[in-house]
Amino acid sequence: MMTVDLCMTNRTLATCKPLAFKHYFRCHHLLGDSCCRDPKAFERKLTEYNACLQPATGWWRMILIVVSVCTASGAWNWLMDPETQKVSFFISFLNHTFFTIRCITLIGLFFAGIHRRVVAPSIIAARCQTVLAEYNTSCDDTGKLILKPRPHVQ
């Protein structure tokens, strides 16, 4: 049976590429790296990686909030306009270009993956918790390790 250990590849966590995080965990039988045997080193790397994600995540959250509020205010104006009921659907969109542009922007942001970028630290923490469960350990959202008591085998 192949075990999962916490060895890092020759990439560093300082590169801050969330999509490449899955490559940091390697499956093999040998414990060759110091991160495999040293939970503090792993915790430091995970905390560093999480801290590196926070500024970018904050920017993506702000962009999503601003575009969402603009879309909501444009939708309110579009729905409250008495002209909207009298003209066709597409003409009403042409009359309300602010709302139309914001809707297209919001849809484009979701197709670009803003929903994953906003919750990237939570995704990383959930994946780490899944891997660390085999070692009777967990981690919080900041990357700090949580040691669980060993189960009693009888």
# chains A, B, ... in the order shown; residues from 1 in each chain; ligands from 1
>>> residues_around(residues="Thr137 of chain A", least_positions_apart="2", cutoff="10 Å", atoms="only C-alpha atoms", output="PDB file with N, CA, C and O atoms, in the first residue's frame")
ATOM      1  N   PRO A  39       7.214  18.227  11.588  1.00  0.00           N
ATOM      2  CA  PRO A  39       5.925  18.901  11.425  1.00  0.00           C
ATOM      3  C   PRO A  39       6.023  20.420  11.549  1.00  0.00           C
ATOM      4  O   PRO A  39       5.256  21.142  10.919  1.00  0.00           O
ATOM      5  N   CYS A 128      -5.423  20.082   2.899  1.00  0.00           N
ATOM      6  CA  CYS A 128      -4.421  19.700   3.901  1.00  0.00           C
ATOM      7  C   CYS A 128      -5.056  18.885   5.020  1.00  0.00           C
ATOM      8  O   CYS A 128      -4.455  17.922   5.502  1.00  0.00           O
ATOM      9  N   GLN A 129      -6.247  19.271   5.452  1.00  0.00           N
ATOM     10  CA  GLN A 129      -6.917  18.516   6.504  1.00  0.00           C
ATOM     11  C   GLN A 129      -7.214  17.090   6.065  1.00  0.00           C
ATOM     12  O   GLN A 129      -7.095  16.150   6.858  1.00  0.00           O
ATOM     13  N   THR A 130      -7.541  16.922   4.788  1.00  0.00           N
ATOM     14  CA  THR A 130      -7.792  15.582   4.264  1.00  0.00           C
ATOM     15  C   THR A 130      -6.529  14.734   4.308  1.00  0.00           C
ATOM     16  O   THR A 130      -6.552  13.575   4.732  1.00  0.00           O
ATOM     17  N   VAL A 131      -5.404  15.312   3.881  1.00  0.00           N
ATOM     18  CA  VAL A 131      -4.139  14.581   3.881  1.00  0.00           C
ATOM     19  C   VAL A 131      -3.643  14.345   5.303  1.00  0.00           C
ATOM     20  O   VAL A 131      -3.173  13.256   5.638  1.00  0.00           O
ATOM     21  N   LEU A 132      -3.764  15.357   6.152  1.00  0.00           N
ATOM     22  CA  LEU A 132      -3.252  15.249   7.515  1.00  0.00           C
ATOM     23  C   LEU A 132      -4.083  14.311   8.392  1.00  0.00           C
ATOM     24  O   LEU A 132      -3.594  13.876   9.446  1.00  0.00           O
ATOM     25  N   ALA A 133      -5.301  14.002   7.985  1.00  0.00           N
ATOM     26  CA  ALA A 133      -6.141  13.100   8.777  1.00  0.00           C
ATOM     27  C   ALA A 133      -5.489  11.725   8.904  1.00  0.00           C
ATOM     28  O   ALA A 133      -5.659  11.055   9.930  1.00  0.00           O
ATOM     29  N   GLU A 134      -4.717  11.316   7.907  1.00  0.00           N
ATOM     30  CA  GLU A 134      -4.014  10.033   7.983  1.00  0.00           C
ATOM     31  C   GLU A 134      -2.942  10.028   9.061  1.00  0.00           C
ATOM     32  O   GLU A 134      -2.534   8.977   9.532  1.00  0.00           O
ATOM     33  N   TYR A 135      -2.466  11.187   9.433  1.00  0.00           N
ATOM     34  CA  TYR A 135      -1.415  11.322  10.443  1.00  0.00           C
ATOM     35  C   TYR A 135      -1.974  11.744  11.791  1.00  0.00           C
ATOM     36  O   TYR A 135      -1.234  12.200  12.657  1.00  0.00           O
ATOM     37  N   CYS A 139      -5.321  20.921  10.541  1.00  0.00           N
ATOM     38  CA  CYS A 139      -4.804  22.293  10.525  1.00  0.00           C
ATOM     39  C   CYS A 139      -5.977  23.253  10.455  1.00  0.00           C
ATOM     40  O   CYS A 139      -7.068  22.893  10.020  1.00  0.00           O
ATOM     41  N   LEU A 145      -0.831  23.706  12.580  1.00  0.00           N
ATOM     42  CA  LEU A 145      -1.148  22.298  12.803  1.00  0.00           C
ATOM     43  C   LEU A 145      -1.873  22.102  14.122  1.00  0.00           C
ATOM     44  O   LEU A 145      -1.575  22.764  15.120  1.00  0.00           O
ATOM     45  N   ILE A 146      -2.819  21.177  14.123  1.00  0.00           N
ATOM     46  CA  ILE A 146      -3.573  20.807  15.313  1.00  0.00           C
ATOM     47  C   ILE A 146      -3.332  19.318  15.532  1.00  0.00           C
ATOM     48  O   ILE A 146      -3.732  18.500  14.706  1.00  0.00           O
ATOM     49  N   LEU A 147      -2.637  18.984  16.610  1.00  0.00           N
ATOM     50  CA  LEU A 147      -2.359  17.591  16.920  1.00  0.00           C
ATOM     51  C   LEU A 147      -3.530  16.987  17.673  1.00  0.00           C
ATOM     52  O   LEU A 147      -3.990  17.546  18.665  1.00  0.00           O
ATOM     53  N   LYS A 148      -4.008  15.855  17.201  1.00  0.00           N
ATOM     54  CA  LYS A 148      -5.113  15.155  17.851  1.00  0.00           C
ATOM     55  C   LYS A 148      -4.557  14.042  18.716  1.00  0.00           C
ATOM     56  O   LYS A 148      -3.499  13.495  18.424  1.00  0.00           O
ATOM     57  N   PRO A 149      -5.254  13.692  19.781  1.00  0.00           N
ATOM     58  CA  PRO A 149      -4.766  12.576  20.610  1.00  0.00           C
ATOM     59  C   PRO A 149      -4.818  11.276  19.820  1.00  0.00           C
ATOM     60  O   PRO A 149      -5.698  11.066  18.974  1.00  0.00           O
ATOM     61  N   ARG A 150      -3.867  10.414  20.098  1.00  0.00           N
ATOM     62  CA  ARG A 150      -3.814   9.131  19.399  1.00  0.00           C
ATOM     63  C   ARG A 150      -4.952   8.242  19.864  1.00  0.00           C
ATOM     64  O   ARG A 150      -5.254   8.173  21.057  1.00  0.00           O
TER      65      ARG A 150
END
>>> residues_around(residues="Leu109 of chain A", least_positions_apart="3", cutoff="10 Å", atoms="only C-alpha atoms", output="number ranges by chain")
A: 60, 63-64, 67, 103-106, 112-115
>>> residues_around(residues="segment 89-94 of chain A", least_positions_apart="2", cutoff="12 Å", atoms="only C-alpha atoms", output="list in words")
Gly74, Ala75, Asn77, Trp78, Leu79, Met80, Asp81, Pro82, Glu83, Thr84, Gln85, Lys86, Val87, His96, Thr97, Phe98, Phe99, Thr100, Ile101, Arg102, Cys103 and Ile104 of chain A
>>> select_by_dssp(residues="segment 47-149 of chain A", states="strand (DSSP E)", output="short mmCIF file (atom, residue, chain, number, x, y, z; two decimals) with C-alpha atoms, in the first residue's frame")
data_model
loop_
_atom_site.label_atom_id
_atom_site.label_comp_id
_atom_site.auth_asym_id
_atom_site.auth_seq_id
_atom_site.Cartn_x
_atom_site.Cartn_y
_atom_site.Cartn_z
CA THR A 137 -3.39 15.72 12.69
CA SER A 138 -5.36 18.61 11.27
CA CYS A 139 -4.80 22.29 10.52
CA LEU A 145 -1.15 22.30 12.80
CA ILE A 146 -3.57 20.81 15.31
CA LEU A 147 -2.36 17.59 16.92
#
>>> closest_residue(among="A:Met62, A:Val153, A:Gly143, A:Ile107", to="Tyr49 of chain A", atoms="only C-alpha atoms")
A:Gly143
>>> closest_residue(among="A:Ala126, A:Ala120, A:Ala72, A:Ile65", to="Cys52 of chain A", atoms="only C-alpha atoms")
A:Ala120
